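The next block holds one structure in the form of structure tokens; read it before the comments.
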Amino acid sequence: MNFMSDNVTGAAPEILDAIVKANGGTAPSYGNDDWTKRLTQSLSDLFERDVAVFPVATGTAANALALAALTPPWGSIYCHAEAHIQADECGAPEMFTGGAKLVTLPGDHGKLMPATLSSALDRVHKGFVHVVQPAALSLSQLTECGTAYSPAEVAALTAVARHHGLRVHMDGARFANAVASLGCSPADITWRAGVDVLSFGATKNGALGAEAVVFFDRELSENFGYRRKRAAHLFSKMRFLSAQLEAYVQGGLWLRLAGHANRMAMRLADGLSALPGAHLAHPVDGNEIFIALPEPVIAGLEAAGFGFYRWDGPVVRLVTAWNSDEAAVEALLAAARRLAG
């Protein structure tokens, strides 16, 4: 009955089993264990490229530290006005970069457009000591509106960034949902499309608490180990983070979990959007639904015990997860239909 977030769920049994198995015996500390070594190979296989992998505990750490590797203190990071790094990370990117400036840009449905980015970069006085210098572009995949960038859309934005000398970061807190929705390879929407570093999320999709910073350009990761240590994310018992991530990608588990969440979201979206007076605020490309509903329906669902967020006026946000119960989805739709008359 709780559709407030994919953070409200527990961990997938396969990932809990992996933690229990990793708990046996002893292992070298600080990432010198077999789980972490295997994880690097697993993600290299997944992305079809030799990558550098750094497990961390939170998405905020992954984003802030990845951006710090791309951006000097006098640099600027271009992102959507609703990006998580702008709206929900309490200044962590600014702190870990040593003061870099976030430059926010508009865009429908949470997406940046190449023309908007190009226009903003064209206006910068490059080399002028009195202004911050463009250093990085950060894209959210899924976006904060639940939409997905296609490989072509990512490539178009990274081409603008490259033209202006920017590196590219991708916030992949819901990366699995995007890949499952798009049906493309993970490589196609990352390094093949021009992305340099990815915050590879797992916590929202069945992990107990594990993310990874994945560098597609290994040269950029040269000093990242020091950054992670200074940020207090070099776990002494790193095997417990790596074991989660290894199990997450093993056998395609991450896409099966995300696929279920996406299917439940589409069922909710289809059912709710059919109600009189309802309309979707954004396309549903993953596991988030933003939909305008009549106030009696919203209030009635709240009174019935369904959890979701009031977002903006009549728009509410519902989020499905890897273990969303089909019966709960149908119960919400049935209640909404009754309330709509």
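Please note that chains go A, B, ... in the order of the structure tokens, that every chain numbers its residues from 1, and that ligands are numbered from 1 in the order shown.
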
Give me the residues near stretch 274-277 of chain A as a tab-separated table (two decimals) with C-alpha atoms, in the first residue's frame, where near means some atom within 12 Å (using only C-alpha atoms) and where sequence neighbours in that chain fewer than 6 positions away do not count.
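Resulting contents of selection.tsv:
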```tsv
chain	number	residue	atom	x	y	z
A	267	ARG	CA	-0.40	-0.73	-14.72
A	268	LEU	CA	-0.96	2.11	-12.26
A	291	ILE	CA	-0.37	12.23	-12.41
A	292	ALA	CA	-2.97	14.91	-11.80
A	293	LEU	CA	-6.03	13.52	-10.01
A	294	PRO	CA	-9.24	15.11	-8.74
A	295	GLU	CA	-8.91	16.19	-5.10
A	296	PRO	CA	-11.65	13.82	-3.85
A	297	VAL	CA	-9.70	10.90	-5.31
A	298	ILE	CA	-6.43	12.05	-3.73
A	314	PRO	CA	-3.27	18.24	-8.19
A	315	VAL	CA	-0.24	16.19	-9.24
A	333	LEU	CA	-6.92	1.25	-8.79
A	334	ALA	CA	-10.18	-0.19	-7.50
A	335	ALA	CA	-10.33	2.41	-4.71
A	336	ALA	CA	-9.55	5.22	-7.17
A	337	ARG	CA	-12.34	4.08	-9.49
A	338	ARG	CA	-14.84	4.05	-6.62
A	339	LEU	CA	-13.75	7.51	-5.50
A	340	ALA	CA	-14.01	8.85	-9.04
A	341	GLY	CA	-17.64	7.71	-9.18
```

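Using only C-alpha atoms, the shortest contact distance between A:Thr36 and any of A:Gly127, A:Pro55, A:Gly24, A:Gly307 is found at A:Pro55.
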
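Taking atom CA of A:Leu198 as the reference point, atom CA of A:Ser44 is found at 12.8 Å.
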
task = Taking the chain letters and numbering used in this document, name the residues of stretch 143-191 of chain A that DSSP puts in strand (DSSP E), as a PyMOL selection string.
result = chain A and resi 167-172

Would you write out those residues with C-alpha atoms, as a PDB file, in the first residue's frame?
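What follows is the written file out11.pdb:
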```pdb
ATOM      1  CA  ARG A 167      33.243  15.851 -19.032  1.00  0.00           C
ATOM      2  CA  VAL A 168      29.970  13.964 -18.547  1.00  0.00           C
ATOM      3  CA  HIS A 169      28.552  12.335 -15.415  1.00  0.00           C
ATOM      4  CA  MET A 170      25.382  10.262 -15.238  1.00  0.00           C
ATOM      5  CA  ASP A 171      23.343   9.945 -12.057  1.00  0.00           C
ATOM      6  CA  GLY A 172      22.037   6.401 -12.376  1.00  0.00           C
TER       7      GLY A 172
END
```

ask   = Running DSSP on the backbone, which parts of stretch 148-297 of chain A land in helix (DSSP H, G or I), as number ranges by chain?
value = A: 151-163, 175-182, 191-193, 203-205, 218-221, 224-230, 239-273, 295-297

Please build the interface table for stretch 53-172 of chain A against stretch 223-243 of chain A with a cut-off of 8 Å, listing for each qualifying residue the nearest atom pair and the distance in Å to one decimal; count only C-alpha atoms, order rows by chain and increasing number, and write it as a tab-separated table.
```
residue	atom	partner	partner_atom	distance
A:Phe54	CA	A:Gly225	CA	7.9
A:Pro55	CA	A:Leu241	CA	6.6
A:Val56	CA	A:His233	CA	5.6
A:Ala57	CA	A:His233	CA	6.8
A:Ala61	CA	A:His233	CA	7.7
A:Leu65	CA	A:Arg227	CA	6.9
A:Ala69	CA	A:Phe224	CA	6.7
```

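Summary of the local environment: counting only C-alpha atoms, residues at most 7 Å from stretch 12-20 of chain A, other than itself and those fewer than 4 positions away along its chain, are Gly206, Ala207, Phe240, Ala243, Gln244, Ala247 and Tyr248 of chain A.
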
Resulting file, chosen residues, N, CA, C and O atoms, as a PDB file, in the first residue's frame:
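This went into out03.pdb:
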```
ATOM      1  N   GLY A 206      16.538  -2.987  -4.836  1.00  0.00           N
ATOM      2  CA  GLY A 206      16.697  -4.285  -4.200  1.00  0.00           C
ATOM      3  C   GLY A 206      17.932  -4.493  -3.357  1.00  0.00           C
ATOM      4  O   GLY A 206      18.036  -5.503  -2.665  1.00  0.00           O
ATOM      5  N   ALA A 207      18.892  -3.563  -3.405  1.00  0.00           N
ATOM      6  CA  ALA A 207      20.068  -3.708  -2.542  1.00  0.00           C
ATOM      7  C   ALA A 207      19.738  -3.233  -1.126  1.00  0.00           C
ATOM      8  O   ALA A 207      18.821  -2.439  -0.919  1.00  0.00           O
ATOM      9  N   PHE A 240      31.055  -6.563   1.935  1.00  0.00           N
ATOM     10  CA  PHE A 240      29.606  -6.564   2.110  1.00  0.00           C
ATOM     11  C   PHE A 240      28.901  -5.609   1.146  1.00  0.00           C
ATOM     12  O   PHE A 240      27.737  -5.814   0.809  1.00  0.00           O
ATOM     13  N   ALA A 243      29.564  -7.609  -2.383  1.00  0.00           N
ATOM     14  CA  ALA A 243      28.736  -8.812  -2.496  1.00  0.00           C
ATOM     15  C   ALA A 243      27.324  -8.459  -2.941  1.00  0.00           C
ATOM     16  O   ALA A 243      26.708  -9.180  -3.742  1.00  0.00           O
ATOM     17  N   GLN A 244      26.805  -7.348  -2.448  1.00  0.00           N
ATOM     18  CA  GLN A 244      25.474  -6.902  -2.874  1.00  0.00           C
ATOM     19  C   GLN A 244      25.459  -6.577  -4.368  1.00  0.00           C
ATOM     20  O   GLN A 244      24.569  -6.990  -5.106  1.00  0.00           O
ATOM     21  N   ALA A 247      25.862  -9.696  -6.637  1.00  0.00           N
ATOM     22  CA  ALA A 247      24.610 -10.440  -6.744  1.00  0.00           C
ATOM     23  C   ALA A 247      23.587  -9.672  -7.562  1.00  0.00           C
ATOM     24  O   ALA A 247      22.781 -10.268  -8.296  1.00  0.00           O
ATOM     25  N   TYR A 248      23.626  -8.366  -7.459  1.00  0.00           N
ATOM     26  CA  TYR A 248      22.676  -7.496  -8.159  1.00  0.00           C
ATOM     27  C   TYR A 248      22.738  -7.678  -9.671  1.00  0.00           C
ATOM     28  O   TYR A 248      21.705  -7.758 -10.343  1.00  0.00           O
TER      29      TYR A 248
END
```

request  = Extract, using only C-alpha atoms, all DNA, RNA and protein residues at most 9 Å from A:Ala178, discarding same-chain residues fewer than 3 positions from it, and format them as a list in words.
outcome  = Gln141, Leu142, Gly146, Thr147, Ala148, Tyr149, Ser150, Gly172, Arg174, Phe175, Ser181, Leu182, Gly183, Ala258, Asp285 and Gly286 of chain A

Please produce a file of those selected residues containing N, CA and C atoms, as a compact mmCIF listing (two decimals), in the first residue's frame.
```txt
# COMPACT_ATOMS: atom_id res chain seq x y z
N GLN A 141 19.41 9.58 -15.03
CA GLN A 141 18.84 8.50 -15.83
C GLN A 141 18.34 7.40 -14.90
N LEU A 142 17.06 7.28 -14.65
CA LEU A 142 15.93 8.08 -15.05
C LEU A 142 16.06 9.53 -14.56
N GLY A 146 10.90 10.86 -13.94
CA GLY A 146 10.63 9.48 -14.30
C GLY A 146 10.77 9.17 -15.77
N THR A 147 11.36 10.08 -16.52
CA THR A 147 11.55 9.85 -17.96
C THR A 147 12.96 9.34 -18.23
N ALA A 148 13.11 8.73 -19.39
CA ALA A 148 14.40 8.14 -19.76
C ALA A 148 14.98 8.84 -20.98
N TYR A 149 16.27 9.12 -20.94
CA TYR A 149 16.99 9.59 -22.12
C TYR A 149 17.31 8.38 -23.01
N SER A 150 17.00 8.48 -24.29
CA SER A 150 17.39 7.44 -25.23
C SER A 150 18.89 7.55 -25.51
N GLY A 172 22.82 7.59 -12.05
CA GLY A 172 22.04 6.40 -12.38
C GLY A 172 21.38 5.77 -11.17
N ARG A 174 18.34 5.32 -10.71
CA ARG A 174 17.36 4.39 -11.27
C ARG A 174 17.82 3.94 -12.68
N PHE A 175 19.10 3.71 -12.80
CA PHE A 175 19.67 3.30 -14.08
C PHE A 175 19.05 1.99 -14.57
N SER A 181 13.51 -0.26 -19.41
CA SER A 181 12.50 0.41 -20.21
C SER A 181 12.95 0.58 -21.65
N LEU A 182 14.19 1.00 -21.84
CA LEU A 182 14.69 1.29 -23.18
C LEU A 182 15.00 0.02 -23.98
N GLY A 183 15.34 -1.05 -23.28
CA GLY A 183 15.67 -2.29 -23.95
C GLY A 183 17.00 -2.25 -24.68
N ALA A 258 13.99 -4.47 -11.86
CA ALA A 258 13.54 -3.20 -12.44
C ALA A 258 12.38 -3.42 -13.39
N ASP A 285 8.31 6.27 -18.12
CA ASP A 285 9.36 5.47 -18.76
C ASP A 285 10.00 4.47 -17.80
N GLY A 286 9.60 4.52 -16.55
CA GLY A 286 10.22 3.63 -15.57
C GLY A 286 9.25 3.29 -14.47
```

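Residue nearest A:Ala152, chosen from A:Ser199, A:Thr190, A:Ser119, A:Asn7 and counting only C-alpha atoms: A:Thr190.
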
query = Leaving out stretch 89-105 of chain A and any residue of its chain fewer than 3 positions from it, which residues lie within 8 Å of it when counting only C-alpha atoms, given as a list in words?
reply = Thr60, Ala61, Asn63, Ala64, Leu65, Leu67, Ala68, Ala69, Thr71, Pro72, Pro73, Trp74, Gly75, Ser76, Ile77, Tyr78, Cys79, His80, Ala81, His84, Ile85, Gln86, Leu112, Thr116, Leu117 and Val132 of chain A

How about saving the chosen residues, N, CA and C atoms kept, as a PDB file, in the first residue's frame?
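In the end it all went to result_8.pdb:
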```
ATOM      1  N   THR A  60      24.233   9.796  -2.865  1.00  0.00           N
ATOM      2  CA  THR A  60      24.802  11.132  -2.712  1.00  0.00           C
ATOM      3  C   THR A  60      26.322  11.077  -2.758  1.00  0.00           C
ATOM      4  N   ALA A  61      26.904  10.098  -2.088  1.00  0.00           N
ATOM      5  CA  ALA A  61      28.361   9.944  -2.130  1.00  0.00           C
ATOM      6  C   ALA A  61      28.827   9.644  -3.542  1.00  0.00           C
ATOM      7  N   ASN A  63      27.413  10.418  -6.428  1.00  0.00           N
ATOM      8  CA  ASN A  63      27.296  11.603  -7.277  1.00  0.00           C
ATOM      9  C   ASN A  63      28.340  12.657  -6.927  1.00  0.00           C
ATOM     10  N   ALA A  64      28.451  12.980  -5.646  1.00  0.00           N
ATOM     11  CA  ALA A  64      29.328  14.067  -5.234  1.00  0.00           C
ATOM     12  C   ALA A  64      30.793  13.743  -5.499  1.00  0.00           C
ATOM     13  N   LEU A  65      31.189  12.511  -5.222  1.00  0.00           N
ATOM     14  CA  LEU A  65      32.587  12.142  -5.427  1.00  0.00           C
ATOM     15  C   LEU A  65      32.903  11.999  -6.914  1.00  0.00           C
ATOM     16  N   LEU A  67      31.532  13.695  -9.346  1.00  0.00           N
ATOM     17  CA  LEU A  67      31.635  15.056  -9.880  1.00  0.00           C
ATOM     18  C   LEU A  67      32.919  15.735  -9.422  1.00  0.00           C
ATOM     19  N   ALA A  68      33.376  15.410  -8.219  1.00  0.00           N
ATOM     20  CA  ALA A  68      34.636  15.975  -7.733  1.00  0.00           C
ATOM     21  C   ALA A  68      35.818  15.517  -8.575  1.00  0.00           C
ATOM     22  N   ALA A  69      35.698  14.311  -9.147  1.00  0.00           N
ATOM     23  CA  ALA A  69      36.777  13.808 -10.004  1.00  0.00           C
ATOM     24  C   ALA A  69      36.794  14.507 -11.354  1.00  0.00           C
ATOM     25  N   THR A  71      35.567  17.896 -11.795  1.00  0.00           N
ATOM     26  CA  THR A  71      35.359  19.338 -11.698  1.00  0.00           C
ATOM     27  C   THR A  71      36.303  19.988 -10.702  1.00  0.00           C
ATOM     28  N   PRO A  72      37.043  21.023 -11.096  1.00  0.00           N
ATOM     29  CA  PRO A  72      37.865  21.760 -10.135  1.00  0.00           C
ATOM     30  C   PRO A  72      36.998  22.705  -9.301  1.00  0.00           C
ATOM     31  N   PRO A  73      37.533  23.243  -8.215  1.00  0.00           N
ATOM     32  CA  PRO A  73      36.745  24.146  -7.367  1.00  0.00           C
ATOM     33  C   PRO A  73      36.228  25.371  -8.111  1.00  0.00           C
ATOM     34  N   TRP A  74      36.909  25.791  -9.147  1.00  0.00           N
ATOM     35  CA  TRP A  74      36.480  26.962  -9.914  1.00  0.00           C
ATOM     36  C   TRP A  74      35.628  26.566 -11.130  1.00  0.00           C
ATOM     37  N   GLY A  75      35.200  25.314 -11.160  1.00  0.00           N
ATOM     38  CA  GLY A  75      34.430  24.826 -12.292  1.00  0.00           C
ATOM     39  C   GLY A  75      32.931  24.938 -12.074  1.00  0.00           C
ATOM     40  N   SER A  76      32.192  24.693 -13.134  1.00  0.00           N
ATOM     41  CA  SER A  76      30.736  24.672 -13.054  1.00  0.00           C
ATOM     42  C   SER A  76      30.219  23.360 -13.609  1.00  0.00           C
ATOM     43  N   ILE A  77      29.117  22.905 -13.019  1.00  0.00           N
ATOM     44  CA  ILE A  77      28.469  21.648 -13.391  1.00  0.00           C
ATOM     45  C   ILE A  77      27.083  21.988 -13.907  1.00  0.00           C
ATOM     46  N   TYR A  78      26.807  21.628 -15.139  1.00  0.00           N
ATOM     47  CA  TYR A  78      25.510  21.915 -15.748  1.00  0.00           C
ATOM     48  C   TYR A  78      24.568  20.734 -15.517  1.00  0.00           C
ATOM     49  N   CYS A  79      23.360  21.035 -15.063  1.00  0.00           N
ATOM     50  CA  CYS A  79      22.384  19.987 -14.768  1.00  0.00           C
ATOM     51  C   CYS A  79      20.981  20.551 -14.916  1.00  0.00           C
ATOM     52  N   HIS A  80      20.001  19.675 -14.920  1.00  0.00           N
ATOM     53  CA  HIS A  80      18.610  20.109 -14.978  1.00  0.00           C
ATOM     54  C   HIS A  80      18.233  20.766 -13.658  1.00  0.00           C
ATOM     55  N   ALA A  81      17.299  21.716 -13.728  1.00  0.00           N
ATOM     56  CA  ALA A  81      16.885  22.446 -12.536  1.00  0.00           C
ATOM     57  C   ALA A  81      16.297  21.531 -11.460  1.00  0.00           C
ATOM     58  N   HIS A  84      18.682  15.717  -8.991  1.00  0.00           N
ATOM     59  CA  HIS A  84      18.873  15.326  -7.590  1.00  0.00           C
ATOM     60  C   HIS A  84      20.075  16.039  -6.973  1.00  0.00           C
ATOM     61  N   ILE A  85      21.132  16.218  -7.742  1.00  0.00           N
ATOM     62  CA  ILE A  85      22.324  16.886  -7.198  1.00  0.00           C
ATOM     63  C   ILE A  85      22.036  18.331  -6.836  1.00  0.00           C
ATOM     64  N   GLN A  86      21.033  18.937  -7.469  1.00  0.00           N
ATOM     65  CA  GLN A  86      20.644  20.308  -7.186  1.00  0.00           C
ATOM     66  C   GLN A  86      19.617  20.394  -6.059  1.00  0.00           C
ATOM     67  N   LEU A 112      17.125  17.688 -20.249  1.00  0.00           N
ATOM     68  CA  LEU A 112      17.840  18.780 -20.889  1.00  0.00           C
ATOM     69  C   LEU A 112      17.785  18.602 -22.403  1.00  0.00           C
ATOM     70  N   THR A 116      19.401  24.021 -25.501  1.00  0.00           N
ATOM     71  CA  THR A 116      19.436  24.769 -24.244  1.00  0.00           C
ATOM     72  C   THR A 116      20.834  24.738 -23.652  1.00  0.00           C
ATOM     73  N   LEU A 117      21.449  23.568 -23.645  1.00  0.00           N
ATOM     74  CA  LEU A 117      22.809  23.443 -23.120  1.00  0.00           C
ATOM     75  C   LEU A 117      23.788  24.241 -23.961  1.00  0.00           C
ATOM     76  N   VAL A 132      33.195  31.273 -12.987  1.00  0.00           N
ATOM     77  CA  VAL A 132      33.499  29.837 -12.969  1.00  0.00           C
ATOM     78  C   VAL A 132      33.562  29.320 -14.402  1.00  0.00           C
TER      79      VAL A 132
END
```

ask   = What is the atom CA of A:Ala180 to atom CA of A:Arg256 distance in Å?
value = 8.1 Å
